[in-house]
Amino acid sequence: MPSASSAAAPSPTPLTGFDRVAWCYDALAGLVFGPALQRAQLAALAGLPTGAPHVLILGGGTGWVLTEVLRRRPQATVLYLEASANMLARARARLARELPETLAQVEFRHGTQAALGTAESVDALITFFVLDCIALDEIEAALARLRAALRPGAPWLLADFRYARRGWRGVLLGLMYTFFRLTTGLRASELADLPAALDRLGLAPVQRQLFYGGAVEAVIFREKPFQHFP
């Protein structure tokens, strides 16, 4: 997820506040959104490359998506990059419990996109409900760093809330940001227009599905040229 003037560029905000909600995060998401968030993630996972891809999962939380990736691609290797130490520990424990034979295929790394090495590259990038946690003054640099890790032709699989400033979707986003600011200290207070930002990085949507009345989207992005969705 640096600018020409590094002195003026904001340093990435650590998301360690999510340690405090790791124990109830999945249950809370299910209570509010039902199966919509998981359905969106499953839709985006349709874009996983075949074979044995090297996959970066950023902000995968307690590990549900990790087990889904390895069930679909048993030969995949995964870099699991998570800013919350508690979430990371829960993801490791879940994998050890559900798919212990795949543990050696996963690197669990504590940190944000800033923890990526400059030479690291992946065959697929998964960002599910994590980019909305990045403050607007950090999002462009964050996306550029992640874009640099994509190998040519590699898909970027996105599941997140849809950008909205007004209407019930805008109210929903405002309530969520208020809740997480109070419970985790999240600095972000507004969702970036992620599709527009990724367009500026040379990526276009090749598949999109909407969930929860259009408030949530699952999008598979690839390098242009591809036809844009309206």
# chains A, B, ... in the order shown; residues from 1 in each chain; ligands from 1
$ select_by_dssp --residues "region 33-216 of chain A" --states "alpha helix (DSSP H)" --output "number ranges by chain"
A: 33, 36-44, 64-72, 85-98, 136-148, 167-184, 194-200
$ write_last_selection --atoms "C-alpha atoms" --output "compact mmCIF listing (two decimals), in the first residue's frame"
# COMPACT_ATOMS: atom_id res chain seq x y z
CA PHE A 33 -23.25 -8.29 7.35
CA ALA A 36 -22.11 -11.03 2.42
CA LEU A 37 -18.45 -10.40 3.22
CA GLN A 38 -17.46 -14.05 2.84
CA ARG A 39 -19.47 -14.33 -0.37
CA ALA A 40 -17.60 -11.34 -1.79
CA GLN A 41 -14.25 -12.86 -0.88
CA LEU A 42 -15.17 -16.19 -2.48
CA ALA A 43 -16.20 -14.36 -5.65
CA ALA A 44 -12.86 -12.55 -5.83
CA TRP A 64 -10.27 -17.63 6.92
CA VAL A 65 -9.14 -16.49 3.47
CA LEU A 66 -5.78 -18.22 3.91
CA THR A 67 -7.41 -21.62 4.35
CA GLU A 68 -9.68 -20.94 1.36
CA VAL A 69 -6.69 -20.13 -0.86
CA LEU A 70 -4.86 -23.32 0.12
CA ARG A 71 -7.95 -25.46 -0.32
CA ARG A 72 -8.34 -24.13 -3.84
CA ALA A 85 0.08 -9.67 15.96
CA ASN A 86 -3.03 -11.19 17.53
CA MET A 87 -4.67 -11.68 14.14
CA LEU A 88 -1.46 -13.22 12.84
CA ALA A 89 -1.33 -15.69 15.72
CA ARG A 90 -4.95 -16.66 15.18
CA ALA A 91 -4.36 -17.21 11.47
CA ARG A 92 -1.39 -19.46 12.17
CA ALA A 93 -3.38 -21.44 14.74
CA ARG A 94 -6.30 -21.83 12.35
CA LEU A 95 -4.07 -23.15 9.58
CA ALA A 96 -2.36 -25.56 11.97
CA ARG A 97 -5.78 -26.82 13.01
CA GLU A 98 -7.45 -27.07 9.60
CA LEU A 136 -6.25 8.89 2.51
CA ASP A 137 -2.84 10.56 2.84
CA GLU A 138 -1.19 7.11 2.78
CA ILE A 139 -3.29 5.20 0.25
CA GLU A 140 -1.55 6.26 -2.98
CA ALA A 141 1.89 5.24 -1.72
CA ALA A 142 0.46 2.02 -0.27
CA LEU A 143 -1.19 1.01 -3.54
CA ALA A 144 1.93 1.86 -5.53
CA ARG A 145 4.05 -0.34 -3.28
CA LEU A 146 1.66 -3.24 -3.70
CA ARG A 147 1.43 -2.66 -7.46
CA ALA A 148 5.21 -2.90 -7.71
CA GLY A 167 -27.01 7.86 0.76
CA TRP A 168 -27.31 4.84 3.03
CA ARG A 169 -23.96 3.47 1.86
CA GLY A 170 -22.25 6.69 2.88
CA VAL A 171 -23.96 6.54 6.28
CA LEU A 172 -22.89 2.91 6.72
CA LEU A 173 -19.27 3.77 5.97
CA GLY A 174 -19.38 6.68 8.40
CA LEU A 175 -20.71 4.48 11.19
CA MET A 176 -18.08 1.83 10.57
CA TYR A 177 -15.22 4.31 10.61
CA THR A 178 -16.53 5.82 13.83
CA PHE A 179 -16.77 2.39 15.47
CA PHE A 180 -13.25 1.33 14.51
CA ARG A 181 -11.78 4.71 15.38
CA LEU A 182 -13.20 4.32 18.89
CA THR A 183 -12.28 0.64 19.34
CA THR A 184 -8.94 0.39 17.52
CA LEU A 194 -10.08 2.29 -4.87
CA PRO A 195 -11.08 1.42 -8.48
CA ALA A 196 -10.10 4.92 -9.61
CA ALA A 197 -6.79 4.71 -7.75
CA LEU A 198 -5.99 1.32 -9.28
CA ASP A 199 -6.93 2.65 -12.72
CA ARG A 200 -4.22 5.27 -12.31
$ atom_distance --atom1 "CA of Gly51 (chain A)" --atom2 "CA of Ala83 (chain A)"
28.4 Å
$ residues_around --residues "Glu82 (chain A)" --least-positions-apart "6" --cutoff "12 Å" --atoms "only C-alpha atoms" --output "PyMOL selection string"
chain A and resi 14-16+18-19+22+56-63+66+88-92+107-116+127-128+130
$ residues_around --residues "His54 (chain A)" --least-positions-apart "3" --cutoff "7 Å" --atoms "only C-alpha atoms" --output "ChimeraX atom specification"
/A:76-78,122-124
$ closest_residue --among "A:Tyr212, A:Gly117, A:Ile126, A:Ala192" --to "Ala159 (chain A)" --atoms "only C-alpha atoms"
A:Ile126
$ residues_around --residues "Arg162 (chain A)" --least-positions-apart "6" --cutoff "8 Å" --atoms "only C-alpha atoms" --output "list in words"
Asp193, Gly214, Ala215, Val216 and Glu217 of chain A
$ select_by_dssp --residues "region 73-209 of chain A" --states "strand (DSSP E or B)" --output "compact mmCIF listing (two decimals) with N, CA and C atoms, in the first residue's frame"
# COMPACT_ATOMS: atom_id res chain seq x y z
N THR A 77 2.19 -21.19 -2.60
CA THR A 77 2.95 -20.65 -1.47
C THR A 77 2.37 -19.27 -1.17
N VAL A 78 2.38 -18.90 0.10
CA VAL A 78 1.69 -17.68 0.52
C VAL A 78 2.56 -16.84 1.44
N LEU A 79 2.61 -15.55 1.17
CA LEU A 79 3.14 -14.58 2.11
C LEU A 79 1.94 -13.94 2.79
N TYR A 80 1.80 -14.20 4.09
CA TYR A 80 0.66 -13.71 4.85
C TYR A 80 1.14 -12.52 5.67
N LEU A 81 0.76 -11.34 5.23
CA LEU A 81 1.26 -10.09 5.79
C LEU A 81 0.14 -9.42 6.58
N GLU A 82 0.30 -9.35 7.90
CA GLU A 82 -0.76 -8.87 8.78
C GLU A 82 -0.18 -7.95 9.84
N VAL A 106 3.58 -21.42 3.96
CA VAL A 106 3.14 -20.07 4.33
C VAL A 106 4.20 -19.36 5.15
N GLU A 107 4.52 -18.13 4.76
CA GLU A 107 5.34 -17.26 5.59
C GLU A 107 4.42 -16.27 6.30
N PHE A 108 4.37 -16.33 7.61
CA PHE A 108 3.59 -15.39 8.39
C PHE A 108 4.49 -14.22 8.77
N ARG A 109 4.18 -13.04 8.26
CA ARG A 109 5.02 -11.87 8.50
C ARG A 109 4.20 -10.77 9.15
N HIS A 110 4.73 -10.22 10.24
CA HIS A 110 4.04 -9.15 10.96
C HIS A 110 4.40 -7.82 10.33
N VAL A 122 4.95 -11.32 -6.69
CA VAL A 122 3.95 -12.36 -6.47
C VAL A 122 3.13 -12.59 -7.73
N ALA A 124 -0.15 -13.33 -7.48
CA ALA A 124 -1.49 -12.83 -7.18
C ALA A 124 -1.44 -12.05 -5.89
N LEU A 125 -2.24 -10.99 -5.83
CA LEU A 125 -2.33 -10.15 -4.63
C LEU A 125 -3.77 -10.15 -4.14
N ILE A 126 -3.95 -10.42 -2.86
CA ILE A 126 -5.28 -10.44 -2.25
C ILE A 126 -5.37 -9.36 -1.19
N THR A 127 -6.31 -8.43 -1.38
CA THR A 127 -6.57 -7.39 -0.38
C THR A 127 -8.07 -7.41 -0.09
N PHE A 128 -8.45 -8.06 0.98
CA PHE A 128 -9.86 -8.19 1.35
C PHE A 128 -10.14 -7.37 2.61
N LEU A 150 3.49 -6.87 -8.02
CA LEU A 150 2.77 -7.73 -8.95
C LEU A 150 3.64 -8.09 -10.15
N TRP A 156 -4.90 -8.73 -9.26
CA TRP A 156 -5.11 -8.12 -7.95
C TRP A 156 -6.56 -8.42 -7.59
N LEU A 157 -6.77 -9.21 -6.54
CA LEU A 157 -8.10 -9.63 -6.12
C LEU A 157 -8.55 -8.75 -4.95
N LEU A 158 -9.63 -8.04 -5.16
CA LEU A 158 -10.10 -7.06 -4.19
C LEU A 158 -11.51 -7.41 -3.72
N ALA A 159 -11.73 -7.38 -2.43
CA ALA A 159 -13.09 -7.40 -1.88
C ALA A 159 -13.12 -6.30 -0.83
N ASP A 160 -14.07 -5.38 -0.95
CA ASP A 160 -14.11 -4.25 -0.02
C ASP A 160 -15.44 -3.54 -0.15
N PHE A 161 -15.62 -2.53 0.67
CA PHE A 161 -16.80 -1.69 0.58
C PHE A 161 -16.66 -0.75 -0.61
N LEU A 203 -4.29 -0.60 -13.88
CA LEU A 203 -5.09 -1.80 -13.68
C LEU A 203 -6.55 -1.54 -14.03
N ALA A 204 -7.20 -2.55 -14.59
CA ALA A 204 -8.60 -2.42 -14.97
C ALA A 204 -9.39 -3.61 -14.45
N PRO A 205 -10.66 -3.41 -14.10
CA PRO A 205 -11.48 -4.52 -13.63
C PRO A 205 -11.89 -5.42 -14.79
N VAL A 206 -11.72 -6.72 -14.62
CA VAL A 206 -12.16 -7.68 -15.64
C VAL A 206 -13.34 -8.50 -15.14
N GLN A 207 -13.62 -8.41 -13.86
CA GLN A 207 -14.80 -9.08 -13.29
C GLN A 207 -15.20 -8.35 -12.02
N ARG A 208 -16.51 -8.12 -11.87
CA ARG A 208 -17.00 -7.42 -10.68
C ARG A 208 -18.35 -7.99 -10.28
N GLN A 209 -18.52 -8.20 -8.97
CA GLN A 209 -19.82 -8.60 -8.43
C GLN A 209 -20.12 -7.72 -7.21
$ decode --residues "region 71-108 of chain A" --atoms "C-alpha atoms" --output "PDB file, in the first residue's frame"
ATOM      1  CA  ARG A  71      -7.949 -25.465  -0.317  1.00  0.00           C
ATOM      2  CA  ARG A  72      -8.341 -24.127  -3.844  1.00  0.00           C
ATOM      3  CA  ARG A  73      -4.610 -24.165  -4.662  1.00  0.00           C
ATOM      4  CA  PRO A  74      -2.987 -26.852  -2.472  1.00  0.00           C
ATOM      5  CA  GLN A  75       0.419 -26.257  -4.102  1.00  0.00           C
ATOM      6  CA  ALA A  76       0.417 -22.482  -3.611  1.00  0.00           C
ATOM      7  CA  THR A  77       2.946 -20.649  -1.470  1.00  0.00           C
ATOM      8  CA  VAL A  78       1.687 -17.683   0.521  1.00  0.00           C
ATOM      9  CA  LEU A  79       3.137 -14.578   2.110  1.00  0.00           C
ATOM     10  CA  TYR A  80       0.663 -13.710   4.850  1.00  0.00           C
ATOM     11  CA  LEU A  81       1.260 -10.089   5.793  1.00  0.00           C
ATOM     12  CA  GLU A  82      -0.760  -8.874   8.778  1.00  0.00           C
ATOM     13  CA  ALA A  83      -0.306  -5.769  10.929  1.00  0.00           C
ATOM     14  CA  SER A  84      -2.045  -7.202  14.005  1.00  0.00           C
ATOM     15  CA  ALA A  85       0.084  -9.674  15.959  1.00  0.00           C
ATOM     16  CA  ASN A  86      -3.031 -11.186  17.528  1.00  0.00           C
ATOM     17  CA  MET A  87      -4.670 -11.682  14.144  1.00  0.00           C
ATOM     18  CA  LEU A  88      -1.462 -13.224  12.835  1.00  0.00           C
ATOM     19  CA  ALA A  89      -1.327 -15.686  15.719  1.00  0.00           C
ATOM     20  CA  ARG A  90      -4.955 -16.656  15.183  1.00  0.00           C
ATOM     21  CA  ALA A  91      -4.357 -17.206  11.465  1.00  0.00           C
ATOM     22  CA  ARG A  92      -1.388 -19.462  12.168  1.00  0.00           C
ATOM     23  CA  ALA A  93      -3.378 -21.440  14.737  1.00  0.00           C
ATOM     24  CA  ARG A  94      -6.304 -21.830  12.353  1.00  0.00           C
ATOM     25  CA  LEU A  95      -4.070 -23.152   9.577  1.00  0.00           C
ATOM     26  CA  ALA A  96      -2.360 -25.563  11.972  1.00  0.00           C
ATOM     27  CA  ARG A  97      -5.780 -26.822  13.015  1.00  0.00           C
ATOM     28  CA  GLU A  98      -7.450 -27.066   9.598  1.00  0.00           C
ATOM     29  CA  LEU A  99      -4.646 -27.657   7.072  1.00  0.00           C
ATOM     30  CA  PRO A 100      -1.496 -28.554   9.042  1.00  0.00           C
ATOM     31  CA  GLU A 101       0.143 -30.130   5.992  1.00  0.00           C
ATOM     32  CA  THR A 102       0.367 -26.677   4.350  1.00  0.00           C
ATOM     33  CA  LEU A 103       2.113 -24.804   7.186  1.00  0.00           C
ATOM     34  CA  ALA A 104       5.506 -24.992   5.478  1.00  0.00           C
ATOM     35  CA  GLN A 105       4.028 -23.248   2.419  1.00  0.00           C
ATOM     36  CA  VAL A 106       3.138 -20.071   4.329  1.00  0.00           C
ATOM     37  CA  GLU A 107       5.342 -17.256   5.593  1.00  0.00           C
ATOM     38  CA  PHE A 108       3.585 -15.394   8.393  1.00  0.00           C
TER      39      PHE A 108
END
